[in-house]
Amino acid sequence: MSAFIIGHIRVRDSDAWERYRSKVGDTVEQWDGEIVFRGHRSIVFSGEPPADQVVVIRFSSTAAARRWHDSPEYQSLITLRQKAADVDLVLYET
(Lines give C-alpha, C1' and ligand atoms only; values in the text may rest on other atoms or scores of the structure.)
Protein backbone atom coordinates (compact mmCIF):
# COMPACT_ATOMS: atom_id res chain seq x y z
CA MET A 1 0.00 0.00 0.00
CA SER A 2 1.48 3.37 -1.04
CA ALA A 3 1.53 6.40 1.20
CA PHE A 4 1.50 10.01 0.08
CA ILE A 5 2.49 13.06 2.05
CA ILE A 6 0.83 16.24 0.89
CA GLY A 7 2.27 19.53 2.07
CA HIS A 8 0.42 22.83 1.87
CA ILE A 9 2.95 25.64 1.97
CA ARG A 10 2.83 29.36 2.72
CA VAL A 11 6.32 30.79 2.15
CA ARG A 12 7.45 33.63 4.42
CA ASP A 13 11.19 33.76 3.59
CA SER A 14 11.92 32.80 0.00
CA ASP A 15 15.72 32.54 0.46
CA ALA A 16 15.37 30.20 3.44
CA TRP A 17 12.71 28.24 1.57
CA GLU A 18 15.04 27.67 -1.39
CA ARG A 19 17.77 26.43 0.99
CA TYR A 20 15.29 24.00 2.56
CA ARG A 21 13.99 22.79 -0.83
CA SER A 22 17.53 22.20 -2.07
CA LYS A 23 18.18 19.80 0.84
CA VAL A 24 14.92 17.98 1.47
CA GLY A 25 14.94 15.90 -1.74
CA ASP A 26 18.04 13.98 -0.65
CA THR A 27 16.36 13.03 2.63
CA VAL A 28 13.29 11.74 0.76
CA GLU A 29 15.41 9.61 -1.57
CA GLN A 30 17.21 7.99 1.38
CA TRP A 31 13.88 6.38 2.35
CA ASP A 32 12.95 5.36 -1.21
CA GLY A 33 10.53 8.23 -1.48
CA GLU A 34 9.81 10.33 -4.54
CA ILE A 35 8.73 13.93 -4.84
CA VAL A 36 5.86 13.49 -7.30
CA PHE A 37 5.40 17.19 -7.87
CA ARG A 38 5.79 20.65 -6.44
CA GLY A 39 3.49 23.36 -7.66
CA HIS A 40 2.11 26.84 -7.23
CA ARG A 41 -1.58 27.62 -7.14
CA SER A 42 -2.85 28.68 -10.54
CA ILE A 43 -6.65 28.64 -10.51
CA VAL A 44 -9.13 28.03 -7.71
CA PHE A 45 -12.19 26.29 -9.13
CA SER A 46 -13.97 25.77 -5.83
CA GLY A 47 -13.49 26.45 -2.14
CA GLU A 48 -10.74 28.19 -0.24
CA PRO A 49 -7.23 26.85 -0.86
CA PRO A 50 -5.16 26.25 2.27
CA ALA A 51 -1.92 27.60 0.75
CA ASP A 52 -0.27 28.96 -2.37
CA GLN A 53 2.13 26.04 -2.90
CA VAL A 54 1.86 22.27 -2.62
CA VAL A 55 4.18 19.27 -2.59
CA VAL A 56 3.25 15.61 -3.02
CA ILE A 57 5.70 12.94 -1.87
CA ARG A 58 5.16 9.21 -2.48
CA PHE A 59 6.51 6.43 -0.28
CA SER A 60 6.11 2.67 -0.57
CA SER A 61 4.36 2.48 2.80
CA THR A 62 3.20 4.45 5.80
CA ALA A 63 6.14 3.00 7.73
CA ALA A 64 8.62 4.33 5.14
CA ALA A 65 7.00 7.77 5.28
CA ARG A 66 7.24 7.80 9.07
CA ARG A 67 10.88 6.69 8.96
CA TRP A 68 11.63 9.57 6.59
CA HIS A 69 9.82 12.13 8.73
CA ASP A 70 11.44 10.90 11.95
CA SER A 71 14.94 10.49 10.47
CA PRO A 72 17.75 12.63 11.88
CA GLU A 73 18.43 13.90 8.35
CA TYR A 74 14.92 15.32 7.92
CA GLN A 75 14.55 16.41 11.54
CA SER A 76 17.70 18.53 11.13
CA LEU A 77 15.88 20.54 8.42
CA ILE A 78 12.76 21.35 10.41
CA THR A 79 14.18 24.50 12.02
CA LEU A 80 15.01 25.87 8.57
CA ARG A 81 11.57 24.87 7.27
CA GLN A 82 9.87 26.64 10.17
CA LYS A 83 11.89 29.79 9.52
CA ALA A 84 11.03 29.70 5.84
CA ALA A 85 7.35 28.80 5.69
CA ASP A 86 4.17 27.62 7.32
CA VAL A 87 3.83 24.00 6.21
CA ASP A 88 1.02 21.52 6.88
CA LEU A 89 2.14 17.94 6.17
CA VAL A 90 -0.55 15.23 6.01
CA LEU A 91 -0.05 11.52 5.32
CA TYR A 92 -2.59 9.72 3.14
CA GLU A 93 -2.72 5.97 2.56
CA THR A 94 -3.96 4.36 -0.65
# chains A, B, ... in the order shown; residues from 1 in each chain; ligands from 1
call {"tool": "residues_around", "arguments": {"residues": "Leu80 of chain A", "least_positions_apart": "3", "cutoff": "7 Å", "atoms": "only C-alpha atoms", "output": "ChimeraX atom specification"}}
result
/A:16,20,77,83-84
call {"tool": "residues_around", "arguments": {"residues": "Gln82 of chain A", "least_positions_apart": "5", "cutoff": "12 Å", "atoms": "only C-alpha atoms", "output": "PDB file with all heavy atoms, in the first residue's frame"}}
result
ATOM      1  N   ILE A   9       1.821  24.780   1.611  1.00  0.00           N
ATOM      2  CA  ILE A   9       2.955  25.636   1.965  1.00  0.00           C
ATOM      3  C   ILE A   9       2.609  27.112   1.765  1.00  0.00           C
ATOM      4  O   ILE A   9       2.093  27.506   0.711  1.00  0.00           O
ATOM      5  CB  ILE A   9       4.169  25.277   1.076  1.00  0.00           C
ATOM      6  CG1 ILE A   9       4.483  23.788   1.220  1.00  0.00           C
ATOM      7  CG2 ILE A   9       5.359  26.159   1.392  1.00  0.00           C
ATOM      8  CD1 ILE A   9       5.143  23.177   0.009  1.00  0.00           C
ATOM      9  N   ARG A  10       2.935  27.910   2.787  1.00  0.00           N
ATOM     10  CA  ARG A  10       2.827  29.362   2.724  1.00  0.00           C
ATOM     11  C   ARG A  10       4.221  29.923   3.031  1.00  0.00           C
ATOM     12  O   ARG A  10       4.635  29.951   4.196  1.00  0.00           O
ATOM     13  CB  ARG A  10       1.802  29.874   3.734  1.00  0.00           C
ATOM     14  CG  ARG A  10       0.374  29.468   3.372  1.00  0.00           C
ATOM     15  CD  ARG A  10      -0.608  29.604   4.523  1.00  0.00           C
ATOM     16  NE  ARG A  10      -0.348  28.753   5.679  1.00  0.00           N
ATOM     17  CZ  ARG A  10      -0.556  27.436   5.749  1.00  0.00           C
ATOM     18  NH1 ARG A  10      -1.034  26.781   4.718  1.00  0.00           N
ATOM     19  NH2 ARG A  10      -0.284  26.756   6.849  1.00  0.00           N
ATOM     20  N   VAL A  11       4.932  30.337   2.002  1.00  0.00           N
ATOM     21  CA  VAL A  11       6.318  30.788   2.148  1.00  0.00           C
ATOM     22  C   VAL A  11       6.348  32.187   2.775  1.00  0.00           C
ATOM     23  O   VAL A  11       5.609  33.077   2.367  1.00  0.00           O
ATOM     24  CB  VAL A  11       7.035  30.797   0.777  1.00  0.00           C
ATOM     25  CG1 VAL A  11       8.434  31.382   0.900  1.00  0.00           C
ATOM     26  CG2 VAL A  11       7.088  29.384   0.201  1.00  0.00           C
ATOM     27  N   ARG A  12       7.239  32.333   3.773  1.00  0.00           N
ATOM     28  CA  ARG A  12       7.446  33.635   4.416  1.00  0.00           C
ATOM     29  C   ARG A  12       8.828  34.208   4.111  1.00  0.00           C
ATOM     30  O   ARG A  12       9.004  35.417   4.099  1.00  0.00           O
ATOM     31  CB  ARG A  12       7.271  33.511   5.932  1.00  0.00           C
ATOM     32  CG  ARG A  12       5.827  33.269   6.337  1.00  0.00           C
ATOM     33  CD  ARG A  12       5.652  33.162   7.851  1.00  0.00           C
ATOM     34  NE  ARG A  12       5.992  31.814   8.312  1.00  0.00           N
ATOM     35  CZ  ARG A  12       7.112  31.468   8.955  1.00  0.00           C
ATOM     36  NH1 ARG A  12       8.005  32.370   9.256  1.00  0.00           N
ATOM     37  NH2 ARG A  12       7.325  30.220   9.329  1.00  0.00           N
ATOM     38  N   ASP A  13       9.812  33.351   3.872  1.00  0.00           N
ATOM     39  CA  ASP A  13      11.190  33.764   3.593  1.00  0.00           C
ATOM     40  C   ASP A  13      11.670  32.945   2.400  1.00  0.00           C
ATOM     41  O   ASP A  13      12.045  31.779   2.546  1.00  0.00           O
ATOM     42  CB  ASP A  13      12.052  33.525   4.839  1.00  0.00           C
ATOM     43  CG  ASP A  13      13.517  33.908   4.664  1.00  0.00           C
ATOM     44  OD1 ASP A  13      14.029  33.891   3.520  1.00  0.00           O
ATOM     45  OD2 ASP A  13      14.159  34.192   5.688  1.00  0.00           O
ATOM     46  N   ALA A  16      15.305  31.361   2.544  1.00  0.00           N
ATOM     47  CA  ALA A  16      15.368  30.201   3.440  1.00  0.00           C
ATOM     48  C   ALA A  16      14.611  29.024   2.843  1.00  0.00           C
ATOM     49  O   ALA A  16      15.035  27.876   2.964  1.00  0.00           O
ATOM     50  CB  ALA A  16      14.813  30.560   4.820  1.00  0.00           C
ATOM     51  N   TRP A  17      13.485  29.317   2.182  1.00  0.00           N
ATOM     52  CA  TRP A  17      12.710  28.243   1.572  1.00  0.00           C
ATOM     53  C   TRP A  17      13.517  27.548   0.481  1.00  0.00           C
ATOM     54  O   TRP A  17      13.503  26.323   0.379  1.00  0.00           O
ATOM     55  CB  TRP A  17      11.388  28.767   1.016  1.00  0.00           C
ATOM     56  CG  TRP A  17      10.557  27.683   0.426  1.00  0.00           C
ATOM     57  CD1 TRP A  17      10.216  27.496  -0.882  1.00  0.00           C
ATOM     58  CD2 TRP A  17       9.950  26.590   1.142  1.00  0.00           C
ATOM     59  NE1 TRP A  17       9.454  26.371  -1.031  1.00  0.00           N
ATOM     60  CE2 TRP A  17       9.281  25.797   0.195  1.00  0.00           C
ATOM     61  CE3 TRP A  17       9.929  26.216   2.472  1.00  0.00           C
ATOM     62  CZ2 TRP A  17       8.583  24.644   0.552  1.00  0.00           C
ATOM     63  CZ3 TRP A  17       9.239  25.069   2.822  1.00  0.00           C
ATOM     64  CH2 TRP A  17       8.573  24.299   1.871  1.00  0.00           C
ATOM     65  N   TYR A  20      15.980  25.203   2.086  1.00  0.00           N
ATOM     66  CA  TYR A  20      15.289  23.999   2.559  1.00  0.00           C
ATOM     67  C   TYR A  20      14.980  23.067   1.392  1.00  0.00           C
ATOM     68  O   TYR A  20      15.276  21.874   1.437  1.00  0.00           O
ATOM     69  CB  TYR A  20      14.010  24.403   3.297  1.00  0.00           C
ATOM     70  CG  TYR A  20      13.093  23.246   3.588  1.00  0.00           C
ATOM     71  CD1 TYR A  20      13.317  22.414   4.682  1.00  0.00           C
ATOM     72  CD2 TYR A  20      11.995  22.975   2.766  1.00  0.00           C
ATOM     73  CE1 TYR A  20      12.477  21.347   4.953  1.00  0.00           C
ATOM     74  CE2 TYR A  20      11.151  21.913   3.032  1.00  0.00           C
ATOM     75  CZ  TYR A  20      11.400  21.108   4.118  1.00  0.00           C
ATOM     76  OH  TYR A  20      10.576  20.044   4.377  1.00  0.00           O
ATOM     77  N   GLN A  75      14.770  15.622  10.319  1.00  0.00           N
ATOM     78  CA  GLN A  75      14.547  16.405  11.536  1.00  0.00           C
ATOM     79  C   GLN A  75      15.503  17.590  11.619  1.00  0.00           C
ATOM     80  O   GLN A  75      15.139  18.653  12.116  1.00  0.00           O
ATOM     81  CB  GLN A  75      14.674  15.514  12.778  1.00  0.00           C
ATOM     82  CG  GLN A  75      13.522  14.536  12.938  1.00  0.00           C
ATOM     83  CD  GLN A  75      12.209  15.252  13.216  1.00  0.00           C
ATOM     84  OE1 GLN A  75      12.132  16.069  14.129  1.00  0.00           O
ATOM     85  NE2 GLN A  75      11.197  14.948  12.430  1.00  0.00           N
ATOM     86  N   SER A  76      16.725  17.432  11.099  1.00  0.00           N
ATOM     87  CA  SER A  76      17.696  18.527  11.132  1.00  0.00           C
ATOM     88  C   SER A  76      17.287  19.697  10.233  1.00  0.00           C
ATOM     89  O   SER A  76      17.820  20.798  10.378  1.00  0.00           O
ATOM     90  CB  SER A  76      19.085  18.024  10.745  1.00  0.00           C
ATOM     91  OG  SER A  76      19.148  17.739   9.354  1.00  0.00           O
ATOM     92  N   LEU A  77      16.340  19.474   9.322  1.00  0.00           N
ATOM     93  CA  LEU A  77      15.881  20.538   8.422  1.00  0.00           C
ATOM     94  C   LEU A  77      14.648  21.277   8.936  1.00  0.00           C
ATOM     95  O   LEU A  77      14.264  22.304   8.384  1.00  0.00           O
ATOM     96  CB  LEU A  77      15.566  19.953   7.039  1.00  0.00           C
ATOM     97  CG  LEU A  77      16.732  19.363   6.276  1.00  0.00           C
ATOM     98  CD1 LEU A  77      16.252  18.750   4.966  1.00  0.00           C
ATOM     99  CD2 LEU A  77      17.805  20.411   6.029  1.00  0.00           C
ATOM    100  N   VAL A  87       4.021  25.220   6.998  1.00  0.00           N
ATOM    101  CA  VAL A  87       3.827  24.002   6.215  1.00  0.00           C
ATOM    102  C   VAL A  87       2.933  23.044   6.993  1.00  0.00           C
ATOM    103  O   VAL A  87       3.203  22.739   8.152  1.00  0.00           O
ATOM    104  CB  VAL A  87       5.176  23.313   5.906  1.00  0.00           C
ATOM    105  CG1 VAL A  87       4.956  22.023   5.127  1.00  0.00           C
ATOM    106  CG2 VAL A  87       6.103  24.252   5.148  1.00  0.00           C
ATOM    107  N   ASP A  88       1.873  22.582   6.344  1.00  0.00           N
ATOM    108  CA  ASP A  88       1.021  21.525   6.879  1.00  0.00           C
ATOM    109  C   ASP A  88       1.355  20.259   6.103  1.00  0.00           C
ATOM    110  O   ASP A  88       1.231  20.241   4.879  1.00  0.00           O
ATOM    111  CB  ASP A  88      -0.463  21.861   6.702  1.00  0.00           C
ATOM    112  CG  ASP A  88      -0.856  23.130   7.424  1.00  0.00           C
ATOM    113  OD1 ASP A  88      -0.396  23.345   8.552  1.00  0.00           O
ATOM    114  OD2 ASP A  88      -1.621  23.936   6.831  1.00  0.00           O
TER     115      ASP A  88
END
call {"tool": "select_by_dssp", "arguments": {"residues": "chain A", "states": "helix (DSSP H, G or I)", "output": "number ranges by chain"}}
result
A: 14-30, 62-70, 72-75, 78-84
call {"tool": "atom_distance", "arguments": {"atom1": "atom CA of Ala63 of chain A", "atom2": "atom CA of Glu93 of chain A"}}
result
10.7 Å
call {"tool": "select_by_dssp", "arguments": {"residues": "chain A", "states": "strand (DSSP E or B)", "output": "NGL selection string"}}
result
:A and (3-11 or 34-40 or 53-59 or 85-93)
call {"tool": "write_last_selection", "arguments": {"atoms": "N, CA, C and O atoms", "output": "tab-separated table (two decimals), in the first residue's frame"}}
result
chain	number	residue	atom	x	y	z
A	3	ALA	N	1.87	5.30	0.31
A	3	ALA	CA	1.53	6.40	1.20
A	3	ALA	C	1.99	7.69	0.54
A	3	ALA	O	3.06	7.73	-0.09
A	4	PHE	N	1.18	8.71	0.66
A	4	PHE	CA	1.50	10.01	0.08
A	4	PHE	C	1.48	11.06	1.18
A	4	PHE	O	0.55	11.09	1.99
A	5	ILE	N	2.49	11.90	1.18
A	5	ILE	CA	2.49	13.06	2.05
A	5	ILE	C	2.18	14.26	1.18
A	5	ILE	O	2.82	14.48	0.15
A	6	ILE	N	1.18	15.02	1.59
A	6	ILE	CA	0.83	16.24	0.89
A	6	ILE	C	1.14	17.41	1.81
A	6	ILE	O	0.72	17.42	2.98
A	7	GLY	N	1.90	18.34	1.30
A	7	GLY	CA	2.27	19.53	2.07
A	7	GLY	C	1.65	20.76	1.46
A	7	GLY	O	1.78	21.00	0.26
A	8	HIS	N	0.95	21.52	2.28
A	8	HIS	CA	0.42	22.83	1.87
A	8	HIS	C	1.35	23.87	2.46
A	8	HIS	O	1.61	23.87	3.66
A	9	ILE	N	1.82	24.78	1.61
A	9	ILE	CA	2.95	25.64	1.97
A	9	ILE	C	2.61	27.11	1.76
A	9	ILE	O	2.09	27.51	0.71
A	10	ARG	N	2.93	27.91	2.79
A	10	ARG	CA	2.83	29.36	2.72
A	10	ARG	C	4.22	29.92	3.03
A	10	ARG	O	4.64	29.95	4.20
A	11	VAL	N	4.93	30.34	2.00
A	11	VAL	CA	6.32	30.79	2.15
A	11	VAL	C	6.35	32.19	2.78
A	11	VAL	O	5.61	33.08	2.37
A	34	GLU	N	9.73	9.58	-3.29
A	34	GLU	CA	9.81	10.33	-4.54
A	34	GLU	C	8.95	11.58	-4.43
A	34	GLU	O	7.79	11.50	-4.02
A	35	ILE	N	9.53	12.72	-4.75
A	35	ILE	CA	8.73	13.93	-4.84
A	35	ILE	C	8.00	13.85	-6.17
A	35	ILE	O	8.61	13.92	-7.24
A	36	VAL	N	6.68	13.65	-6.10
A	36	VAL	CA	5.86	13.49	-7.30
A	36	VAL	C	5.72	14.82	-8.02
A	36	VAL	O	5.90	14.89	-9.23
A	37	PHE	N	5.40	15.85	-7.28
A	37	PHE	CA	5.40	17.19	-7.87
A	37	PHE	C	5.40	18.25	-6.79
A	37	PHE	O	5.01	18.03	-5.66
A	38	ARG	N	5.88	19.41	-7.21
A	38	ARG	CA	5.79	20.65	-6.44
A	38	ARG	C	5.10	21.64	-7.35
A	38	ARG	O	5.40	21.70	-8.54
A	39	GLY	N	4.19	22.42	-6.79
A	39	GLY	CA	3.49	23.36	-7.66
A	39	GLY	C	3.02	24.60	-6.92
A	39	GLY	O	2.97	24.64	-5.69
A	40	HIS	N	2.68	25.59	-7.73
A	40	HIS	CA	2.11	26.84	-7.23
A	40	HIS	C	0.65	26.90	-7.66
A	40	HIS	O	0.29	26.45	-8.75
A	53	GLN	N	1.27	27.06	-2.31
A	53	GLN	CA	2.13	26.04	-2.90
A	53	GLN	C	1.76	24.68	-2.33
A	53	GLN	O	1.20	24.59	-1.24
A	54	VAL	N	2.13	23.64	-3.07
A	54	VAL	CA	1.86	22.27	-2.62
A	54	VAL	C	3.02	21.37	-3.04
A	54	VAL	O	3.72	21.65	-4.02
A	55	VAL	N	3.23	20.32	-2.24
A	55	VAL	CA	4.18	19.27	-2.59
A	55	VAL	C	3.48	17.94	-2.33
A	55	VAL	O	2.72	17.80	-1.37
A	56	VAL	N	3.75	16.97	-3.21
A	56	VAL	CA	3.25	15.61	-3.02
A	56	VAL	C	4.46	14.68	-3.06
A	56	VAL	O	5.24	14.70	-4.01
A	57	ILE	N	4.59	13.87	-1.99
A	57	ILE	CA	5.70	12.94	-1.87
A	57	ILE	C	5.14	11.53	-1.72
A	57	ILE	O	4.25	11.31	-0.89
A	58	ARG	N	5.63	10.60	-2.53
A	58	ARG	CA	5.16	9.21	-2.48
A	58	ARG	C	6.20	8.33	-1.79
A	58	ARG	O	7.39	8.43	-2.06
A	59	PHE	N	5.69	7.45	-0.92
A	59	PHE	CA	6.51	6.43	-0.28
A	59	PHE	C	5.86	5.07	-0.51
A	59	PHE	O	4.66	4.99	-0.76
A	85	ALA	N	8.74	28.90	6.14
A	85	ALA	CA	7.35	28.80	5.69
A	85	ALA	C	6.47	28.16	6.76
A	85	ALA	O	6.95	27.51	7.68
A	86	ASP	N	5.18	28.36	6.57
A	86	ASP	CA	4.17	27.62	7.32
A	86	ASP	C	3.82	26.41	6.46
A	86	ASP	O	3.41	26.58	5.31
A	87	VAL	N	4.02	25.22	7.00
A	87	VAL	CA	3.83	24.00	6.21
A	87	VAL	C	2.93	23.04	6.99
A	87	VAL	O	3.20	22.74	8.15
A	88	ASP	N	1.87	22.58	6.34
A	88	ASP	CA	1.02	21.52	6.88
A	88	ASP	C	1.35	20.26	6.10
A	88	ASP	O	1.23	20.24	4.88
A	89	LEU	N	1.82	19.22	6.79
A	89	LEU	CA	2.14	17.94	6.17
A	89	LEU	C	1.11	16.91	6.64
A	89	LEU	O	0.92	16.74	7.84
A	90	VAL	N	0.48	16.24	5.68
A	90	VAL	CA	-0.55	15.23	6.01
A	90	VAL	C	-0.22	13.96	5.23
A	90	VAL	O	0.07	14.01	4.03
A	91	LEU	N	-0.29	12.83	5.93
A	91	LEU	CA	-0.05	11.52	5.32
A	91	LEU	C	-1.37	10.89	4.90
A	91	LEU	O	-2.31	10.84	5.69
A	92	TYR	N	-1.41	10.42	3.66
A	92	TYR	CA	-2.59	9.72	3.14
A	92	TYR	C	-2.17	8.34	2.69
A	92	TYR	O	-1.13	8.18	2.07
A	93	GLU	N	-2.97	7.34	3.00
A	93	GLU	CA	-2.72	5.97	2.56
A	93	GLU	C	-3.63	5.63	1.38
A	93	GLU	O	-4.75	6.12	1.32
call {"tool": "closest_residue", "arguments": {"among": "A:Tyr74, A:His69, A:Gly33, A:Thr94", "to": "Arg21 of chain A", "atoms": "only C-alpha atoms"}}
result
A:Tyr74
call {"tool": "decode", "arguments": {"residues": "segment 42-73 of chain A", "atoms": "N, CA, C and O atoms", "output": "mmCIF file, in the first residue's frame"}}
result
data_model
loop_
_atom_site.group_PDB
_atom_site.id
_atom_site.type_symbol
_atom_site.label_atom_id
_atom_site.label_comp_id
_atom_site.auth_asym_id
_atom_site.auth_seq_id
_atom_site.Cartn_x
_atom_site.Cartn_y
_atom_site.Cartn_z
ATOM 1 N N SER A 42 -2.589 27.991 -9.286
ATOM 2 C CA SER A 42 -2.846 28.677 -10.545
ATOM 3 C C SER A 42 -4.278 29.182 -10.608
ATOM 4 O O SER A 42 -4.506 30.368 -10.822
ATOM 5 N N ILE A 43 -5.234 28.293 -10.434
ATOM 6 C CA ILE A 43 -6.654 28.637 -10.513
ATOM 7 C C ILE A 43 -7.378 27.934 -9.369
ATOM 8 O O ILE A 43 -7.122 26.766 -9.105
ATOM 9 N N VAL A 44 -8.286 28.639 -8.736
ATOM 10 C CA VAL A 44 -9.134 28.029 -7.710
ATOM 11 C C VAL A 44 -10.505 27.832 -8.339
ATOM 12 O O VAL A 44 -11.186 28.795 -8.659
ATOM 13 N N PHE A 45 -10.896 26.587 -8.541
ATOM 14 C CA PHE A 45 -12.189 26.288 -9.133
ATOM 15 C C PHE A 45 -13.296 26.254 -8.093
ATOM 16 O O PHE A 45 -14.453 26.508 -8.415
ATOM 17 N N SER A 46 -12.943 25.896 -6.866
ATOM 18 C CA SER A 46 -13.966 25.771 -5.834
ATOM 19 C C SER A 46 -13.308 25.836 -4.461
ATOM 20 O O SER A 46 -12.204 25.318 -4.278
ATOM 21 N N GLY A 47 -13.969 26.449 -3.517
ATOM 22 C CA GLY A 47 -13.491 26.452 -2.143
ATOM 23 C C GLY A 47 -12.383 27.443 -1.874
ATOM 24 O O GLY A 47 -12.050 28.279 -2.707
ATOM 25 N N GLU A 48 -11.813 27.313 -0.689
ATOM 26 C CA GLU A 48 -10.743 28.193 -0.245
ATOM 27 C C GLU A 48 -9.463 27.382 -0.104
ATOM 28 O O GLU A 48 -9.380 26.499 0.753
ATOM 29 N N PRO A 49 -8.468 27.637 -0.932
ATOM 30 C CA PRO A 49 -7.233 26.849 -0.863
ATOM 31 C C PRO A 49 -6.478 27.127 0.430
ATOM 32 O O PRO A 49 -6.447 28.257 0.916
ATOM 33 N N PRO A 50 -5.864 26.078 1.003
ATOM 34 C CA PRO A 50 -5.159 26.253 2.270
ATOM 35 C C PRO A 50 -3.803 26.943 2.135
ATOM 36 O O PRO A 50 -3.248 27.400 3.123
ATOM 37 N N ALA A 51 -3.251 27.011 0.931
ATOM 38 C CA ALA A 51 -1.918 27.597 0.753
ATOM 39 C C ALA A 51 -1.684 27.919 -0.711
ATOM 40 O O ALA A 51 -2.468 27.530 -1.577
ATOM 41 N N ASP A 52 -0.572 28.596 -0.989
ATOM 42 C CA ASP A 52 -0.273 28.965 -2.370
ATOM 43 C C ASP A 52 0.652 27.982 -3.072
ATOM 44 O O ASP A 52 0.812 28.033 -4.283
ATOM 45 N N GLN A 53 1.273 27.064 -2.305
ATOM 46 C CA GLN A 53 2.125 26.043 -2.901
ATOM 47 C C GLN A 53 1.763 24.682 -2.331
ATOM 48 O O GLN A 53 1.196 24.585 -1.239
ATOM 49 N N VAL A 54 2.134 23.636 -3.068
ATOM 50 C CA VAL A 54 1.858 22.269 -2.625
ATOM 51 C C VAL A 54 3.019 21.368 -3.038
ATOM 52 O O VAL A 54 3.715 21.647 -4.016
ATOM 53 N N VAL A 55 3.227 20.319 -2.236
ATOM 54 C CA VAL A 55 4.176 19.273 -2.591
ATOM 55 C C VAL A 55 3.485 17.941 -2.331
ATOM 56 O O VAL A 55 2.719 17.803 -1.373
ATOM 57 N N VAL A 56 3.753 16.969 -3.207
ATOM 58 C CA VAL A 56 3.251 15.608 -3.021
ATOM 59 C C VAL A 56 4.455 14.676 -3.059
ATOM 60 O O VAL A 56 5.236 14.700 -4.014
ATOM 61 N N ILE A 57 4.586 13.870 -1.992
ATOM 62 C CA ILE A 57 5.703 12.942 -1.869
ATOM 63 C C ILE A 57 5.136 11.534 -1.720
ATOM 64 O O ILE A 57 4.253 11.309 -0.890
ATOM 65 N N ARG A 58 5.632 10.601 -2.528
ATOM 66 C CA ARG A 58 5.158 9.212 -2.479
ATOM 67 C C ARG A 58 6.197 8.333 -1.792
ATOM 68 O O ARG A 58 7.393 8.434 -2.063
ATOM 69 N N PHE A 59 5.694 7.450 -0.923
ATOM 70 C CA PHE A 59 6.512 6.425 -0.275
ATOM 71 C C PHE A 59 5.860 5.075 -0.505
ATOM 72 O O PHE A 59 4.659 4.988 -0.756
ATOM 73 N N SER A 60 6.634 4.020 -0.350
ATOM 74 C CA SER A 60 6.110 2.672 -0.571
ATOM 75 C C SER A 60 5.130 2.243 0.512
ATOM 76 O O SER A 60 4.309 1.364 0.288
ATOM 77 N N SER A 61 5.220 2.870 1.680
ATOM 78 C CA SER A 61 4.355 2.484 2.795
ATOM 79 C C SER A 61 4.276 3.617 3.811
ATOM 80 O O SER A 61 5.104 4.530 3.798
ATOM 81 N N THR A 62 3.307 3.502 4.697
ATOM 82 C CA THR A 62 3.197 4.454 5.797
ATOM 83 C C THR A 62 4.448 4.381 6.674
ATOM 84 O O THR A 62 4.967 5.405 7.122
ATOM 85 N N ALA A 63 4.941 3.166 6.900
ATOM 86 C CA ALA A 63 6.139 3.000 7.731
ATOM 87 C C ALA A 63 7.335 3.729 7.123
ATOM 88 O O ALA A 63 8.100 4.377 7.845
ATOM 89 N N ALA A 64 7.507 3.639 5.807
ATOM 90 C CA ALA A 64 8.621 4.326 5.145
ATOM 91 C C ALA A 64 8.464 5.840 5.283
ATOM 92 O O ALA A 64 9.444 6.554 5.518
ATOM 93 N N ALA A 65 7.245 6.341 5.131
ATOM 94 C CA ALA A 65 6.999 7.773 5.279
ATOM 95 C C ALA A 65 7.320 8.238 6.700
ATOM 96 O O ALA A 65 7.930 9.290 6.899
ATOM 97 N N ARG A 66 6.936 7.441 7.668
ATOM 98 C CA ARG A 66 7.244 7.797 9.069
ATOM 99 C C ARG A 66 8.737 7.767 9.335
ATOM 100 O O ARG A 66 9.271 8.623 10.043
ATOM 101 N N ARG A 67 9.420 6.761 8.776
ATOM 102 C CA ARG A 67 10.876 6.690 8.959
ATOM 103 C C ARG A 67 11.550 7.916 8.364
ATOM 104 O O ARG A 67 12.489 8.463 8.943
ATOM 105 N N TRP A 68 11.084 8.342 7.187
ATOM 106 C CA TRP A 68 11.632 9.567 6.590
ATOM 107 C C TRP A 68 11.395 10.752 7.521
ATOM 108 O O TRP A 68 12.335 11.475 7.856
ATOM 109 N N HIS A 69 10.150 10.950 7.918
ATOM 110 C CA HIS A 69 9.824 12.127 8.726
ATOM 111 C C HIS A 69 10.596 12.142 10.037
ATOM 112 O O HIS A 69 11.043 13.198 10.496
ATOM 113 N N ASP A 70 10.780 10.982 10.649
ATOM 114 C CA ASP A 70 11.443 10.899 11.946
ATOM 115 C C ASP A 70 12.965 10.773 11.850
ATOM 116 O O ASP A 70 13.643 10.787 12.872
ATOM 117 N N SER A 71 13.491 10.681 10.642
ATOM 118 C CA SER A 71 14.936 10.487 10.472
ATOM 119 C C SER A 71 15.714 11.714 10.949
ATOM 120 O O SER A 71 15.242 12.852 10.845
ATOM 121 N N PRO A 72 16.908 11.499 11.458
ATOM 122 C CA PRO A 72 17.746 12.633 11.878
ATOM 123 C C PRO A 72 18.026 13.597 10.722
ATOM 124 O O PRO A 72 18.105 14.811 10.930
ATOM 125 N N GLU A 73 18.139 13.050 9.507
ATOM 126 C CA GLU A 73 18.426 13.900 8.345
ATOM 127 C C GLU A 73 17.289 14.893 8.093
ATOM 128 O O GLU A 73 17.532 16.076 7.835
#
